[in-house]
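Participant: Got a structure here, written out as structure tokens. Questions coming.
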Amino acid sequence: MSEGDSQQHPLKTYFWVWGALFVFSVFSYLVDISPLEGFAKWSLITLFMLLKAGLIVTIFMHMIWERSSMAIPVLLPAGVLLFLMLLMILEGDYIHSSRQMFFGG
Amino acid sequence: MASTAEQGKALPTGIDGLVSDWSSDQQAFKGVPWGKAMMWIFLLSDTFIFACFLVGYMKVRIVATEAWPDASSVFALTAFGVEVPLLLIAIMTFVLISSSGTMALAVKYGYQKDRNKTFILMMATALLGLAFVGMQAFEWWKLIGDGVRPWGNPFGAEQFGAAFFLITGFHGTHVSIGVIFLTIIAFKVKRGSLETGRPGFLTGRKGRYEMVETVGLYWHFVDLVWVFIFAFFYLW
């Protein structure tokens, strides 16, 4: 194997990420038990979720050190799933409103 | 191995690198061991499976006309006489994050060929994973005792049970498989199979230290999925 195949990064990097993951998890738990509701709660939960997911993928899974030809084919299709989510939200809202209209939910 | 053909010539990076790698008539994933590339592709397909489950859960939750059960109170546990919301889920989250940390360190020490540390860290990861599955089994047992079924539950919308058992069940299965793979690779590390390139029992592939990183990728992915489940299913 050539040099570039082995992933060697300082221990400090891993411990920082590890610590950050704990802190973000505590934050998201605190958001849940706090009196925050609605948009503030959802946006904070999503923010901490994306921060955690980003740290795991970029550092723990070494994606930031991979070449673009490995990273883009993995990340791009996964990103397209957001579009599926958007479509399902739109359709879901429509179904919900028609159910309420016809079944008097 | 990958770059012997291009020796003496620096590979372009970024978008130029993507275009030139993918348009070349050799291998697209340069400098990436095949096992790792295949693991990434498998994880991408697994991402789609979990995304389908989570989007399906989102959809049934949006269209449900009955109130969705409040996860904070459904998953609350009574500790020392106080009802703590999501207590077990919070512990499970911390256990899984801890196991991701030990796994990341195991990969690092694996590439340093520190067999003892790698073995210990991988076994610690597997034990944390086992603890996670154990707590999940307890959670299922408690919820089933509370009357939660895939077709109904006493707390609200019927779809809650179906989404819960499907999503956490599939995730728990992934964790269990991960624990088995971690243990196998950990023992390969311990007996030095990865150093001597001893062929595996099932596949006959020669042992290499990238195997630690590949099983690590799988493990981090399991943790990654839990991040989304934790946010969307338990907190939202």
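Within each chain, counting starts at residue 1; across the structure tokens, chains are named A, B, ... in the order shown, with ligands numbered 1 upward in that order.
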Can I get the residues of chain B within 8 Å of chain A, each with the closest pair of atoms and their distance in Å to one decimal, using only C-alpha atoms, sorted chain first then ascending number, as a Markdown table?
Facilitator:
```
| residue | atom | partner | partner_atom | distance |
| --- | --- | --- | --- | --- |
| B:Met1 | CA | A:Met1 | CA | 6.0 |
| B:Ala2 | CA | A:Ser2 | CA | 7.7 |
| B:Thr13 | CA | A:Arg67 | CA | 7.2 |
| B:Gly14 | CA | A:Ser68 | CA | 5.6 |
| B:Ile15 | CA | A:Ser68 | CA | 6.9 |
| B:Gly17 | CA | A:Ser68 | CA | 6.8 |
| B:Leu18 | CA | A:Ser69 | CA | 4.5 |
| B:Val19 | CA | A:Ser69 | CA | 7.9 |
| B:Asp21 | CA | A:Ser69 | CA | 6.7 |
| B:Trp22 | CA | A:Ser69 | CA | 7.1 |
| B:Ala28 | CA | A:Ser69 | CA | 7.0 |
| B:Phe29 | CA | A:Met70 | CA | 6.0 |
| B:Lys30 | CA | A:Arg67 | CA | 7.9 |
| B:Gly31 | CA | A:Asp5 | CA | 5.8 |
| B:Val32 | CA | A:Asp5 | CA | 6.2 |
| B:Pro33 | CA | A:Asp5 | CA | 7.2 |
| B:Ala37 | CA | A:Met70 | CA | 7.5 |
| B:Trp40 | CA | A:Val74 | CA | 7.0 |
| B:Ile41 | CA | A:Val74 | CA | 7.0 |
| B:Leu44 | CA | A:Val74 | CA | 6.1 |
| B:Thr47 | CA | A:Ala78 | CA | 7.0 |
| B:Phe48 | CA | A:Ala78 | CA | 7.3 |
| B:Ala51 | CA | A:Leu81 | CA | 7.2 |
| B:Val55 | CA | A:Met85 | CA | 6.0 |
| B:Met58 | CA | A:Ile89 | CA | 7.9 |
| B:Lys59 | CA | A:Gly92 | CA | 5.7 |
| B:Val60 | CA | A:Gly92 | CA | 7.8 |
| B:Ile62 | CA | A:Gly92 | CA | 5.7 |
| B:Val63 | CA | A:His96 | CA | 4.3 |
| B:Ala64 | CA | A:His96 | CA | 6.9 |
| B:Thr65 | CA | A:Gly105 | CA | 5.3 |
| B:Glu66 | CA | A:Gly105 | CA | 7.1 |
| B:Ser72 | CA | A:Asp32 | CA | 7.8 |
| B:Pro85 | CA | A:Ile33 | CA | 7.4 |
| B:Ala90 | CA | A:Tyr29 | CA | 7.3 |
| B:Thr93 | CA | A:Ser25 | CA | 7.7 |
| B:Phe94 | CA | A:Phe22 | CA | 7.0 |
| B:Ile97 | CA | A:Leu21 | CA | 7.1 |
| B:Ser98 | CA | A:Trp18 | CA | 7.6 |
| B:Ser100 | CA | A:Phe60 | CA | 7.8 |
| B:Gly101 | CA | A:Trp18 | CA | 5.8 |
| B:Ala104 | CA | A:Phe60 | CA | 5.8 |
| B:Leu105 | CA | A:Tyr14 | CA | 7.3 |
| B:Lys108 | CA | A:Gln8 | CA | 6.2 |
| B:Tyr111 | CA | A:Ser6 | CA | 6.2 |
| B:Glu210 | CA | A:Ser6 | CA | 7.7 |
| B:Gly216 | CA | A:Met61 | CA | 7.7 |
| B:Leu217 | CA | A:Met61 | CA | 5.7 |
| B:His220 | CA | A:Met61 | CA | 6.7 |
| B:Leu224 | CA | A:Ala53 | CA | 5.9 |
| B:Val227 | CA | A:Met49 | CA | 6.2 |
| B:Phe228 | CA | A:Met49 | CA | 6.6 |
| B:Ala231 | CA | A:Ile45 | CA | 6.3 |
| B:Leu235 | CA | A:Asp32 | CA | 6.0 |
| B:Trp236 | CA | A:Trp42 | CA | 6.5 |
```
Participant: Which residue, B:Phe221, B:Thr125, B:Ala71, B:Tyr57, has the smallest gap to Ile167 in chain B when you use only C-alpha atoms?
Facilitator: B:Tyr57
Participant: How would you write, as a ChimeraX atom specification, the set of residues in chain A that DSSP gives as alpha helix (DSSP H)?
Facilitator: /A:11-33,38-55,68-103
Participant: Could you please determine the separation between CA of Met103 in chain B and CA of Trp219 in chain B in Å, to one decimal place?
Facilitator: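 Computing it gives 7.6 Å between the two atoms.
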Participant: Would you mind reading off the distance between CA of Phe39 in chain A and CA of Gly161 in chain B, one decimal, in Å?
Facilitator: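 If I compute the distance from CA of Phe39 in chain A to CA of Gly161 in chain B, I get 25.5 Å.
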Participant: One decimal, in Å: what's the spacing between CA of Gln112 in chain B and CA of Glu195 in chain B?
Facilitator: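 Computing it gives 11.3 Å between the two atoms.
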